Amino acid sequence: MSAALGPADAGRRGRWIPWIFVAGFAVVTAVNATMIWIAVDSFTGLDTERSYDRGLGYNRNLEAARRQQALGWQAALTARGIDRAAAELVLEVQDASGRPLTDARVEGQLRRPSAAALDRELVLRPDAPGRYRVRIELPEPGLWDAHLRVTRGGDRLVIDERLVLR
């Protein structure tokens, strides 16, 4: 028969249990320290390459938007699908006093958000005073982004619109 364990023996058997908790916390601390070291060592501190240059570009865009708003030009872009393979874009532009904007150059791109390979360059030709038109062959119908620039002399109006062409 085995002898019954006394209270002194029970204390010796359970002394290792607190050390399991200490070891578990040591493992967690070591893993966290390793992850912090890797993160600090690999992060350059820059979210964007050439961020300073991009920031200057952003400031130029803000200034261009202020100049564009000061011009007071108004534009309305309409698009209609002619058939599944072609569409027509018509841009009507007025100056600040509401007169048709003539002698302007209108160009830009028709961009496919899901496939850059389908993007098309656009040059809209004058159709009537203040109205510019282009017919374009579409590789496929659907969602398109029109990015147009209207320039006359040193003045510029930028138009960005999302279109659904069927």
# chains A, B, ... in the order shown; residues from 1 in each chain; ligands from 1
>>> residues_around(residues="range 63-76 of chain A", least_positions_apart="2", cutoff="10 Å", atoms="only C-alpha atoms", output="ChimeraX atom specification")
/A:57-61,78,90-101,130-131,150,155-159,161
>>> residues_around(residues="Gln109 in chain A", least_positions_apart="3", cutoff="7 Å", atoms="only C-alpha atoms", output="PyMOL selection string")
chain A and resi 119-122+146-148
>>> closest_residue(among="A:Gly108, A:Gly81, A:Gly45, A:Gly55", to="Pro141 in chain A", atoms="only C-alpha atoms")
A:Gly81
>>> select_by_dssp(residues="chain A", states="helix (DSSP H, G or I)", output="short mmCIF file (atom, residue, chain, number, x, y, z; two decimals) with all heavy atoms, in the first residue's frame")
data_model
loop_
_atom_site.label_atom_id
_atom_site.label_comp_id
_atom_site.auth_asym_id
_atom_site.auth_seq_id
_atom_site.Cartn_x
_atom_site.Cartn_y
_atom_site.Cartn_z
N PRO A 7 0.36 17.12 4.40
CA PRO A 7 0.28 18.50 3.93
C PRO A 7 1.60 19.04 3.41
O PRO A 7 1.65 19.84 2.49
CB PRO A 7 -0.18 19.28 5.15
CG PRO A 7 -0.57 18.30 6.19
CD PRO A 7 -0.05 16.96 5.77
N ALA A 8 2.71 18.60 3.91
CA ALA A 8 4.01 19.10 3.45
C ALA A 8 4.28 18.62 2.04
O ALA A 8 4.85 19.33 1.21
CB ALA A 8 5.11 18.64 4.41
N ASP A 9 3.89 17.37 1.73
CA ASP A 9 4.11 16.83 0.39
C ASP A 9 3.24 17.55 -0.65
O ASP A 9 3.67 17.78 -1.78
CB ASP A 9 3.80 15.35 0.37
CG ASP A 9 4.78 14.55 1.19
OD1 ASP A 9 5.95 14.99 1.26
OD2 ASP A 9 4.37 13.52 1.76
N ALA A 10 2.00 17.92 -0.31
CA ALA A 10 1.10 18.61 -1.24
C ALA A 10 1.67 19.97 -1.61
O ALA A 10 1.55 20.44 -2.73
CB ALA A 10 -0.28 18.75 -0.63
N GLY A 11 2.30 20.67 -0.71
CA GLY A 11 2.89 21.98 -0.99
C GLY A 11 4.05 21.87 -1.96
O GLY A 11 4.25 22.72 -2.81
N ARG A 12 4.83 20.81 -1.87
CA ARG A 12 5.97 20.62 -2.78
C ARG A 12 5.51 20.28 -4.19
O ARG A 12 6.12 20.70 -5.16
CB ARG A 12 6.87 19.51 -2.25
CG ARG A 12 7.93 20.05 -1.34
CD ARG A 12 8.91 18.98 -0.95
NE ARG A 12 8.41 18.36 0.27
CZ ARG A 12 8.44 17.09 0.58
NH1 ARG A 12 8.99 16.23 -0.25
NH2 ARG A 12 7.97 16.64 1.70
N ARG A 13 4.44 19.56 -4.31
CA ARG A 13 3.95 19.17 -5.63
C ARG A 13 3.40 20.36 -6.40
O ARG A 13 3.46 20.38 -7.62
CB ARG A 13 2.85 18.11 -5.48
CG ARG A 13 3.43 16.76 -5.12
CD ARG A 13 2.38 15.68 -5.03
NE ARG A 13 1.59 15.57 -6.24
CZ ARG A 13 0.28 15.34 -6.26
NH1 ARG A 13 -0.38 15.20 -5.13
NH2 ARG A 13 -0.36 15.24 -7.38
N ILE A 17 3.45 25.36 -10.34
CA ILE A 17 2.31 25.97 -11.05
C ILE A 17 2.50 27.47 -11.26
O ILE A 17 2.30 27.97 -12.37
CB ILE A 17 0.99 25.64 -10.33
CG1 ILE A 17 0.72 24.13 -10.45
CG2 ILE A 17 -0.16 26.46 -10.91
CD1 ILE A 17 -0.48 23.65 -9.68
N PRO A 18 2.91 28.28 -10.29
CA PRO A 18 3.12 29.71 -10.56
C PRO A 18 4.19 29.96 -11.62
O PRO A 18 4.11 30.93 -12.38
CB PRO A 18 3.54 30.29 -9.22
CG PRO A 18 3.04 29.33 -8.20
CD PRO A 18 3.04 27.99 -8.86
N TRP A 19 5.18 29.07 -11.72
CA TRP A 19 6.23 29.25 -12.72
C TRP A 19 5.71 29.04 -14.14
O TRP A 19 6.27 29.58 -15.10
CB TRP A 19 7.40 28.32 -12.42
CG TRP A 19 8.12 28.75 -11.18
CD1 TRP A 19 8.11 28.13 -9.97
CD2 TRP A 19 8.91 29.92 -11.04
NE1 TRP A 19 8.84 28.85 -9.05
CE2 TRP A 19 9.35 29.96 -9.70
CE3 TRP A 19 9.29 30.95 -11.88
CZ2 TRP A 19 10.14 30.99 -9.20
CZ3 TRP A 19 10.08 31.96 -11.38
CH2 TRP A 19 10.50 31.97 -10.06
N ILE A 20 4.65 28.30 -14.30
CA ILE A 20 4.02 28.16 -15.63
C ILE A 20 3.48 29.51 -16.08
O ILE A 20 3.64 29.92 -17.24
CB ILE A 20 2.92 27.08 -15.61
CG1 ILE A 20 3.55 25.70 -15.44
CG2 ILE A 20 2.08 27.13 -16.88
CD1 ILE A 20 2.55 24.57 -15.33
N PHE A 21 2.84 30.24 -15.17
CA PHE A 21 2.32 31.57 -15.51
C PHE A 21 3.47 32.52 -15.84
O PHE A 21 3.41 33.30 -16.80
CB PHE A 21 1.48 32.12 -14.36
CG PHE A 21 0.14 31.46 -14.24
CD1 PHE A 21 -0.10 30.54 -13.22
CD2 PHE A 21 -0.88 31.75 -15.11
CE1 PHE A 21 -1.32 29.92 -13.11
CE2 PHE A 21 -2.11 31.13 -15.01
CZ PHE A 21 -2.33 30.21 -14.00
N VAL A 22 4.53 32.48 -15.07
CA VAL A 22 5.69 33.34 -15.32
C VAL A 22 6.27 33.02 -16.70
O VAL A 22 6.58 33.93 -17.48
CB VAL A 22 6.75 33.16 -14.19
CG1 VAL A 22 8.05 33.87 -14.56
CG2 VAL A 22 6.21 33.68 -12.88
N ALA A 23 6.40 31.75 -17.02
CA ALA A 23 6.95 31.36 -18.33
C ALA A 23 6.02 31.83 -19.46
O ALA A 23 6.48 32.30 -20.50
CB ALA A 23 7.14 29.84 -18.38
N GLY A 24 4.72 31.70 -19.29
CA GLY A 24 3.77 32.15 -20.31
C GLY A 24 3.88 33.65 -20.57
O GLY A 24 3.92 34.09 -21.73
N PHE A 25 3.95 34.44 -19.52
CA PHE A 25 4.11 35.89 -19.68
C PHE A 25 5.47 36.23 -20.30
O PHE A 25 5.58 37.17 -21.08
CB PHE A 25 3.93 36.62 -18.36
CG PHE A 25 2.49 36.79 -17.98
CD1 PHE A 25 1.95 36.11 -16.88
CD2 PHE A 25 1.65 37.61 -18.71
CE1 PHE A 25 0.62 36.25 -16.54
CE2 PHE A 25 0.32 37.77 -18.36
CZ PHE A 25 -0.20 37.08 -17.27
N ALA A 26 6.50 35.46 -19.99
CA ALA A 26 7.82 35.70 -20.58
C ALA A 26 7.78 35.45 -22.08
O ALA A 26 8.37 36.21 -22.87
CB ALA A 26 8.86 34.81 -19.90
N VAL A 27 7.08 34.41 -22.52
CA VAL A 27 6.95 34.12 -23.95
C VAL A 27 6.21 35.26 -24.65
O VAL A 27 6.62 35.75 -25.72
CB VAL A 27 6.25 32.76 -24.18
CG1 VAL A 27 5.86 32.59 -25.64
CG2 VAL A 27 7.14 31.62 -23.72
N VAL A 28 5.09 35.71 -24.07
CA VAL A 28 4.31 36.81 -24.67
C VAL A 28 5.16 38.06 -24.75
O VAL A 28 5.17 38.77 -25.77
CB VAL A 28 3.01 37.05 -23.88
CG1 VAL A 28 2.34 38.34 -24.31
CG2 VAL A 28 2.06 35.88 -24.03
N THR A 29 5.91 38.38 -23.70
CA THR A 29 6.76 39.57 -23.69
C THR A 29 7.86 39.45 -24.76
O THR A 29 8.14 40.42 -25.47
CB THR A 29 7.39 39.76 -22.30
OG1 THR A 29 6.33 39.88 -21.34
CG2 THR A 29 8.26 41.00 -22.24
N ALA A 30 8.46 38.28 -24.91
CA ALA A 30 9.50 38.10 -25.91
C ALA A 30 8.94 38.26 -27.33
O ALA A 30 9.56 38.90 -28.19
CB ALA A 30 10.15 36.73 -25.74
N VAL A 31 7.77 37.71 -27.59
CA VAL A 31 7.16 37.83 -28.92
C VAL A 31 6.82 39.29 -29.21
O VAL A 31 7.08 39.81 -30.30
CB VAL A 31 5.91 36.93 -29.04
CG1 VAL A 31 5.11 37.26 -30.29
CG2 VAL A 31 6.31 35.46 -29.02
N ASN A 32 6.23 40.00 -28.23
CA ASN A 32 5.90 41.42 -28.43
C ASN A 32 7.15 42.25 -28.68
O ASN A 32 7.17 43.13 -29.54
CB ASN A 32 5.13 41.96 -27.23
CG ASN A 32 3.70 41.50 -27.21
OD1 ASN A 32 3.16 41.07 -28.23
ND2 ASN A 32 3.07 41.57 -26.05
N ALA A 33 8.22 41.99 -27.91
CA ALA A 33 9.47 42.73 -28.10
C ALA A 33 10.04 42.48 -29.49
O ALA A 33 10.52 43.41 -30.16
CB ALA A 33 10.48 42.33 -27.02
N THR A 34 9.98 41.26 -29.97
CA THR A 34 10.46 40.93 -31.32
C THR A 34 9.64 41.66 -32.38
O THR A 34 10.20 42.23 -33.33
CB THR A 34 10.41 39.41 -31.55
OG1 THR A 34 11.17 38.76 -30.53
CG2 THR A 34 10.93 39.04 -32.92
N MET A 35 8.33 41.66 -32.23
CA MET A 35 7.47 42.33 -33.21
C MET A 35 7.72 43.85 -33.22
O MET A 35 7.74 44.47 -34.28
CB MET A 35 5.99 42.04 -32.92
CG MET A 35 5.64 40.56 -33.04
SD MET A 35 5.91 39.92 -34.69
CE MET A 35 4.38 40.38 -35.42
N ILE A 36 7.91 44.43 -32.05
CA ILE A 36 8.20 45.88 -31.98
C ILE A 36 9.52 46.17 -32.66
O ILE A 36 9.64 47.13 -33.43
CB ILE A 36 8.20 46.36 -30.51
CG1 ILE A 36 6.78 46.33 -29.96
CG2 ILE A 36 8.80 47.75 -30.39
CD1 ILE A 36 6.69 46.55 -28.46
N TRP A 37 10.53 45.34 -32.41
CA TRP A 37 11.84 45.56 -33.01
C TRP A 37 11.75 45.48 -34.54
O TRP A 37 12.30 46.30 -35.25
CB TRP A 37 12.84 44.54 -32.47
CG TRP A 37 14.19 44.69 -33.09
CD1 TRP A 37 15.11 45.67 -32.84
CD2 TRP A 37 14.76 43.84 -34.08
NE1 TRP A 37 16.21 45.48 -33.61
CE2 TRP A 37 16.03 44.36 -34.40
CE3 TRP A 37 14.31 42.69 -34.73
CZ2 TRP A 37 16.86 43.77 -35.34
CZ3 TRP A 37 15.15 42.11 -35.66
CH2 TRP A 37 16.40 42.65 -35.96
N ILE A 38 11.04 44.49 -35.06
CA ILE A 38 10.89 44.34 -36.51
C ILE A 38 10.14 45.53 -37.10
O ILE A 38 10.52 46.07 -38.14
CB ILE A 38 10.17 43.01 -36.85
CG1 ILE A 38 11.08 41.82 -36.53
CG2 ILE A 38 9.75 42.97 -38.31
CD1 ILE A 38 10.38 40.47 -36.61
N ALA A 39 9.08 45.98 -36.44
CA ALA A 39 8.28 47.11 -36.95
C ALA A 39 9.10 48.39 -36.98
O ALA A 39 9.09 49.13 -37.98
CB ALA A 39 7.04 47.30 -36.10
N VAL A 40 9.85 48.67 -35.91
CA VAL A 40 10.64 49.90 -35.85
C VAL A 40 11.79 49.83 -36.85
O VAL A 40 12.12 50.82 -37.51
CB VAL A 40 11.15 50.13 -34.41
CG1 VAL A 40 12.20 51.24 -34.37
CG2 VAL A 40 10.00 50.47 -33.50
N ASP A 41 12.39 48.68 -37.02
CA ASP A 41 13.52 48.53 -37.92
C ASP A 41 13.12 48.62 -39.38
O ASP A 41 13.88 49.11 -40.21
CB ASP A 41 14.21 47.18 -37.65
CG ASP A 41 15.53 47.08 -38.38
OD1 ASP A 41 16.33 48.02 -38.27
OD2 ASP A 41 15.74 46.05 -39.07
N SER A 42 11.91 48.20 -39.75
CA SER A 42 11.51 48.15 -41.15
C SER A 42 10.72 49.37 -41.61
O SER A 42 10.57 49.58 -42.81
CB SER A 42 10.69 46.89 -41.43
OG SER A 42 9.48 46.93 -40.71
N SER A 51 7.04 62.21 -50.81
CA SER A 51 5.89 62.87 -50.21
C SER A 51 5.99 64.39 -50.29
O SER A 51 4.98 65.07 -50.46
CB SER A 51 5.71 62.43 -48.76
OG SER A 51 6.86 62.76 -48.00
N TYR A 52 7.18 64.95 -50.19
CA TYR A 52 7.34 66.39 -50.27
C TYR A 52 6.89 66.90 -51.63
O TYR A 52 6.14 67.87 -51.74
CB TYR A 52 8.79 66.79 -49.99
CG TYR A 52 9.02 68.28 -50.09
CD1 TYR A 52 8.58 69.13 -49.07
CD2 TYR A 52 9.63 68.84 -51.19
CE1 TYR A 52 8.77 70.49 -49.17
CE2 TYR A 52 9.82 70.19 -51.30
CZ TYR A 52 9.40 71.02 -50.27
OH TYR A 52 9.58 72.37 -50.37
N ASP A 53 7.35 66.22 -52.69
CA ASP A 53 6.95 66.63 -54.05
C ASP A 53 5.46 66.47 -54.26
O ASP A 53 4.82 67.32 -54.89
CB ASP A 53 7.70 65.80 -55.09
CG ASP A 53 9.20 66.09 -55.07
OD1 ASP A 53 9.58 67.20 -54.67
OD2 ASP A 53 9.98 65.19 -55.43
N ARG A 54 4.89 65.40 -53.72
CA ARG A 54 3.44 65.20 -53.85
C ARG A 54 2.69 66.27 -53.07
O ARG A 54 1.63 66.71 -53.48
CB ARG A 54 3.06 63.81 -53.39
CG ARG A 54 3.53 62.74 -54.37
CD ARG A 54 3.10 61.36 -53.95
NE ARG A 54 1.67 61.25 -53.82
CZ ARG A 54 0.85 60.78 -54.75
NH1 ARG A 54 1.35 60.39 -55.89
NH2 ARG A 54 -0.44 60.69 -54.54
N GLY A 55 3.22 66.69 -51.94
CA GLY A 55 2.60 67.76 -51.17
C GLY A 55 2.61 69.08 -51.93
O GLY A 55 1.64 69.83 -51.91
N LEU A 56 3.71 69.35 -52.63
CA LEU A 56 3.76 70.56 -53.45
C LEU A 56 2.73 70.49 -54.57
O LEU A 56 2.09 71.49 -54.90
CB LEU A 56 5.16 70.75 -54.03
CG LEU A 56 6.26 71.09 -53.04
CD1 LEU A 56 7.60 71.17 -53.75
CD2 LEU A 56 5.96 72.39 -52.32
N GLY A 57 2.58 69.30 -55.15
CA GLY A 57 1.56 69.12 -56.19
C GLY A 57 0.17 69.34 -55.64
O GLY A 57 -0.69 69.92 -56.31
N TYR A 58 -0.08 68.90 -54.42
CA TYR A 58 -1.39 69.09 -53.79
C TYR A 58 -1.66 70.58 -53.61
O TYR A 58 -2.76 71.05 -53.89
CB TYR A 58 -1.42 68.36 -52.45
CG TYR A 58 -2.72 68.51 -51.71
CD1 TYR A 58 -3.85 67.82 -52.11
CD2 TYR A 58 -2.82 69.35 -50.61
CE1 TYR A 58 -5.05 67.96 -51.43
CE2 TYR A 58 -4.01 69.49 -49.93
CZ TYR A 58 -5.12 68.79 -50.33
OH TYR A 58 -6.30 68.94 -49.67
N ASN A 59 -0.66 71.33 -53.16
CA ASN A 59 -0.83 72.78 -53.01
C ASN A 59 -1.09 73.44 -54.35
O ASN A 59 -1.90 74.37 -54.45
CB ASN A 59 0.39 73.38 -52.33
CG ASN A 59 0.49 72.97 -50.87
OD1 ASN A 59 -0.51 72.61 -50.25
ND2 ASN A 59 1.69 73.02 -50.32
N ARG A 60 -0.42 72.98 -55.40
CA ARG A 60 -0.68 73.53 -56.74
C ARG A 60 -2.12 73.23 -57.17
O ARG A 60 -2.77 74.06 -57.79
CB ARG A 60 0.32 72.97 -57.75
CG ARG A 60 1.68 73.60 -57.68
CD ARG A 60 2.54 73.23 -58.87
NE ARG A 60 2.79 71.81 -58.95
CZ ARG A 60 3.82 71.17 -58.40
NH1 ARG A 60 4.71 71.87 -57.72
NH2 ARG A 60 3.97 69.87 -58.54
N ASN A 61 -2.60 72.03 -56.85
CA ASN A 61 -3.99 71.68 -57.19
C ASN A 61 -4.98 72.56 -56.45
O ASN A 61 -6.00 72.97 -57.01
CB ASN A 61 -4.26 70.21 -56.88
CG ASN A 61 -3.59 69.28 -57.85
OD1 ASN A 61 -3.15 69.71 -58.92
ND2 ASN A 61 -3.48 68.03 -57.47
N LEU A 62 -4.71 72.85 -55.18
CA LEU A 62 -5.60 73.74 -54.42
C LEU A 62 -5.61 75.14 -55.04
O LEU A 62 -6.67 75.76 -55.17
CB LEU A 62 -5.17 73.82 -52.96
CG LEU A 62 -5.40 72.58 -52.11
CD1 LEU A 62 -4.86 72.80 -50.71
CD2 LEU A 62 -6.87 72.23 -52.06
N GLU A 63 -4.44 75.63 -55.42
CA GLU A 63 -4.37 76.95 -56.05
C GLU A 63 -5.09 76.96 -57.39
O GLU A 63 -5.81 77.91 -57.72
CB GLU A 63 -2.91 77.37 -56.22
CG GLU A 63 -2.73 78.73 -56.85
CD GLU A 63 -3.42 79.86 -56.08
OE1 GLU A 63 -3.49 79.79 -54.84
OE2 GLU A 63 -3.90 80.81 -56.72
N ALA A 64 -4.95 75.90 -58.17
CA ALA A 64 -5.66 75.81 -59.46
C ALA A 64 -7.16 75.78 -59.24
O ALA A 64 -7.92 76.38 -60.01
CB ALA A 64 -5.20 74.57 -60.22
N ALA A 65 -7.62 75.10 -58.20
CA ALA A 65 -9.06 75.07 -57.91
C ALA A 65 -9.57 76.46 -57.53
O ALA A 65 -10.67 76.85 -57.92
CB ALA A 65 -9.35 74.08 -56.78
N ARG A 66 -8.77 77.21 -56.79
CA ARG A 66 -9.17 78.59 -56.44
C ARG A 66 -9.25 79.47 -57.69
O ARG A 66 -10.20 80.25 -57.85
CB ARG A 66 -8.20 79.19 -55.43
CG ARG A 66 -8.43 78.71 -54.01
CD ARG A 66 -7.63 79.53 -53.01
NE ARG A 66 -6.24 79.13 -52.93
CZ ARG A 66 -5.78 78.14 -52.19
NH1 ARG A 66 -6.60 77.44 -51.45
NH2 ARG A 66 -4.50 77.86 -52.18
N ARG A 67 -8.26 79.34 -58.58
CA ARG A 67 -8.29 80.12 -59.83
C ARG A 67 -9.49 79.72 -60.69
O ARG A 67 -10.15 80.56 -61.28
CB ARG A 67 -6.99 79.91 -60.61
CG ARG A 67 -5.81 80.67 -60.07
CD ARG A 67 -4.65 80.72 -61.06
NE ARG A 67 -4.30 79.43 -61.62
CZ ARG A 67 -3.40 78.60 -61.12
NH1 ARG A 67 -2.76 78.92 -60.03
NH2 ARG A 67 -3.14 77.46 -61.71
N GLN A 68 -9.78 78.42 -60.73
CA GLN A 68 -10.91 77.93 -61.52
C GLN A 68 -12.21 78.47 -60.97
O GLN A 68 -13.08 78.90 -61.74
CB GLN A 68 -10.90 76.39 -61.48
CG GLN A 68 -12.03 75.75 -62.24
CD GLN A 68 -11.88 74.24 -62.27
OE1 GLN A 68 -10.82 73.74 -62.62
NE2 GLN A 68 -12.92 73.53 -61.90
N GLN A 69 -12.35 78.51 -59.66
CA GLN A 69 -13.58 79.03 -59.06
C GLN A 69 -13.71 80.53 -59.31
O GLN A 69 -14.81 81.03 -59.55
CB GLN A 69 -13.59 78.73 -57.57
CG GLN A 69 -14.92 79.04 -56.91
CD GLN A 69 -14.93 78.57 -55.46
OE1 GLN A 69 -13.89 78.29 -54.87
NE2 GLN A 69 -16.11 78.49 -54.89
N ALA A 70 -12.59 81.24 -59.31
CA ALA A 70 -12.62 82.68 -59.56
C ALA A 70 -13.03 83.00 -61.00
O ALA A 70 -13.62 84.04 -61.25
CB ALA A 70 -11.26 83.29 -59.25
N LEU A 71 -12.73 82.08 -61.94
CA LEU A 71 -13.14 82.29 -63.34
C LEU A 71 -14.66 82.35 -63.47
O LEU A 71 -15.19 83.12 -64.26
CB LEU A 71 -12.63 81.16 -64.22
CG LEU A 71 -11.18 81.19 -64.65
CD1 LEU A 71 -10.84 79.93 -65.42
CD2 LEU A 71 -10.87 82.42 -65.47
N ALA A 116 -7.41 49.99 -66.83
CA ALA A 116 -6.71 51.13 -67.41
C ALA A 116 -6.35 50.91 -68.88
O ALA A 116 -6.19 51.86 -69.63
CB ALA A 116 -5.45 51.44 -66.60
N ALA A 117 -6.27 49.68 -69.30
CA ALA A 117 -5.93 49.39 -70.69
C ALA A 117 -7.02 49.86 -71.65
O ALA A 117 -6.76 50.03 -72.85
CB ALA A 117 -5.68 47.90 -70.87
N LEU A 118 -8.23 50.09 -71.15
CA LEU A 118 -9.34 50.52 -72.01
C LEU A 118 -9.48 52.04 -72.09
O LEU A 118 -10.36 52.55 -72.79
CB LEU A 118 -10.65 49.91 -71.51
CG LEU A 118 -10.71 48.39 -71.45
CD1 LEU A 118 -12.05 47.94 -70.89
CD2 LEU A 118 -10.47 47.79 -72.82
#
>>> atom_distance(atom1="CA of Ala85 in chain A", atom2="CA of Trp144 in chain A")
13.7 Å
>>> select_by_dssp(residues="chain A", states="strand (DSSP E)", output="JSON, numbers by chain")
{"A": [74, 75, 76, 77, 78, 79, 80, 81, 82, 83, 86, 87, 88, 89, 90, 91, 92, 93, 94, 105, 106, 107, 108, 109, 110, 111, 120, 121, 122, 123, 124, 125, 126, 127, 128, 131, 132, 133, 134, 135, 136, 137, 142, 143, 144, 145, 146, 147, 148, 149, 150, 151, 152, 155, 156, 157, 158, 159, 160, 161, 162, 163, 164, 165]}
>>> write_last_selection(atoms="C-alpha atoms", output="PDB file, in the first residue's frame")
ATOM      1  CA  GLN A  74     -19.892  76.762 -65.836  1.00  0.00           C
ATOM      2  CA  ALA A  75     -19.876  73.447 -67.678  1.00  0.00           C
ATOM      3  CA  ALA A  76     -22.439  70.723 -68.277  1.00  0.00           C
ATOM      4  CA  LEU A  77     -21.383  67.356 -69.647  1.00  0.00           C
ATOM      5  CA  THR A  78     -23.934  65.040 -71.192  1.00  0.00           C
ATOM      6  CA  ALA A  79     -23.246  61.591 -72.513  1.00  0.00           C
ATOM      7  CA  ARG A  80     -25.362  59.159 -74.412  1.00  0.00           C
ATOM      8  CA  GLY A  81     -24.718  55.759 -75.790  1.00  0.00           C
ATOM      9  CA  ILE A  82     -25.302  55.595 -79.518  1.00  0.00           C
ATOM     10  CA  ASP A  83     -25.100  51.808 -79.552  1.00  0.00           C
ATOM     11  CA  ALA A  86     -20.128  53.939 -79.434  1.00  0.00           C
ATOM     12  CA  ALA A  87     -21.015  56.952 -77.319  1.00  0.00           C
ATOM     13  CA  GLU A  88     -21.222  60.690 -77.761  1.00  0.00           C
ATOM     14  CA  LEU A  89     -20.071  63.289 -75.238  1.00  0.00           C
ATOM     15  CA  VAL A  90     -21.341  66.865 -75.414  1.00  0.00           C
ATOM     16  CA  LEU A  91     -19.880  69.613 -73.233  1.00  0.00           C
ATOM     17  CA  GLU A  92     -21.536  73.009 -72.960  1.00  0.00           C
ATOM     18  CA  VAL A  93     -19.405  75.739 -71.381  1.00  0.00           C
ATOM     19  CA  GLN A  94     -20.379  79.272 -70.368  1.00  0.00           C
ATOM     20  CA  ARG A 105      -9.551  73.831 -76.427  1.00  0.00           C
ATOM     21  CA  VAL A 106     -11.247  70.804 -74.840  1.00  0.00           C
ATOM     22  CA  GLU A 107      -9.304  67.589 -74.336  1.00  0.00           C
ATOM     23  CA  GLY A 108      -8.969  64.847 -71.805  1.00  0.00           C
ATOM     24  CA  GLN A 109      -9.480  61.166 -71.169  1.00  0.00           C
ATOM     25  CA  LEU A 110     -12.290  58.714 -70.807  1.00  0.00           C
ATOM     26  CA  ARG A 111     -11.060  56.280 -68.165  1.00  0.00           C
ATOM     27  CA  ARG A 120      -9.245  56.581 -74.335  1.00  0.00           C
ATOM     28  CA  GLU A 121      -7.846  60.021 -75.167  1.00  0.00           C
ATOM     29  CA  LEU A 122     -10.439  62.625 -76.124  1.00  0.00           C
ATOM     30  CA  VAL A 123     -10.378  65.834 -78.147  1.00  0.00           C
ATOM     31  CA  LEU A 124     -13.773  67.548 -78.273  1.00  0.00           C
ATOM     32  CA  ARG A 125     -14.402  69.689 -81.343  1.00  0.00           C
ATOM     33  CA  PRO A 126     -16.560  72.835 -81.439  1.00  0.00           C
ATOM     34  CA  ASP A 127     -20.082  72.060 -82.590  1.00  0.00           C
ATOM     35  CA  ALA A 128     -21.768  75.394 -81.839  1.00  0.00           C
ATOM     36  CA  ARG A 131     -20.687  73.476 -77.272  1.00  0.00           C
ATOM     37  CA  TYR A 132     -18.027  70.826 -77.875  1.00  0.00           C
ATOM     38  CA  ARG A 133     -18.678  67.283 -79.041  1.00  0.00           C
ATOM     39  CA  VAL A 134     -16.893  63.983 -79.580  1.00  0.00           C
ATOM     40  CA  ARG A 135     -18.004  60.551 -80.698  1.00  0.00           C
ATOM     41  CA  ILE A 136     -15.974  57.692 -79.297  1.00  0.00           C
ATOM     42  CA  GLU A 137     -15.870  53.984 -79.942  1.00  0.00           C
ATOM     43  CA  GLY A 142     -20.524  50.436 -68.428  1.00  0.00           C
ATOM     44  CA  LEU A 143     -18.924  52.747 -65.900  1.00  0.00           C
ATOM     45  CA  TRP A 144     -16.450  55.377 -67.177  1.00  0.00           C
ATOM     46  CA  ASP A 145     -14.745  58.456 -65.688  1.00  0.00           C
ATOM     47  CA  ALA A 146     -14.488  61.537 -67.890  1.00  0.00           C
ATOM     48  CA  HIS A 147     -11.565  63.832 -67.086  1.00  0.00           C
ATOM     49  CA  LEU A 148     -11.735  66.934 -69.313  1.00  0.00           C
ATOM     50  CA  ARG A 149      -9.674  70.131 -69.470  1.00  0.00           C
ATOM     51  CA  VAL A 150     -11.098  73.292 -71.032  1.00  0.00           C
ATOM     52  CA  THR A 151      -8.347  75.824 -71.749  1.00  0.00           C
ATOM     53  CA  ARG A 152      -8.509  79.289 -73.238  1.00  0.00           C
ATOM     54  CA  ASP A 155      -7.289  79.953 -68.043  1.00  0.00           C
ATOM     55  CA  ARG A 156      -8.304  76.370 -67.346  1.00  0.00           C
ATOM     56  CA  LEU A 157     -11.405  74.520 -66.191  1.00  0.00           C
ATOM     57  CA  VAL A 158     -11.089  70.864 -65.123  1.00  0.00           C
ATOM     58  CA  ILE A 159     -14.150  68.626 -65.221  1.00  0.00           C
ATOM     59  CA  ASP A 160     -14.284  65.186 -63.614  1.00  0.00           C
ATOM     60  CA  GLU A 161     -17.505  63.214 -63.970  1.00  0.00           C
ATOM     61  CA  ARG A 162     -18.494  59.574 -63.627  1.00  0.00           C
ATOM     62  CA  LEU A 163     -20.603  58.308 -66.518  1.00  0.00           C
ATOM     63  CA  VAL A 164     -22.571  55.170 -67.222  1.00  0.00           C
ATOM     64  CA  LEU A 165     -22.495  54.483 -70.939  1.00  0.00           C
TER      65      LEU A 165
END
>>> atom_distance(atom1="CA of Pro113 in chain A", atom2="CA of Glu140 in chain A")
12.5 Å
>>> decode(residues="range 20-26 of chain A", atoms="N, CA and C atoms", output="CSV table (one decimal), in the first residue's frame")
chain,number,residue,atom,x,y,z
A,20,ILE,N,4.7,28.3,-14.3
A,20,ILE,CA,4.0,28.2,-15.6
A,20,ILE,C,3.5,29.5,-16.1
A,21,PHE,N,2.8,30.2,-15.2
A,21,PHE,CA,2.3,31.6,-15.5
A,21,PHE,C,3.5,32.5,-15.8
A,22,VAL,N,4.5,32.5,-15.1
A,22,VAL,CA,5.7,33.3,-15.3
A,22,VAL,C,6.3,33.0,-16.7
A,23,ALA,N,6.4,31.8,-17.0
A,23,ALA,CA,6.9,31.4,-18.3
A,23,ALA,C,6.0,31.8,-19.5
A,24,GLY,N,4.7,31.7,-19.3
A,24,GLY,CA,3.8,32.2,-20.3
A,24,GLY,C,3.9,33.6,-20.6
A,25,PHE,N,4.0,34.4,-19.5
A,25,PHE,CA,4.1,35.9,-19.7
A,25,PHE,C,5.5,36.2,-20.3
A,26,ALA,N,6.5,35.5,-20.0
A,26,ALA,CA,7.8,35.7,-20.6
A,26,ALA,C,7.8,35.4,-22.1
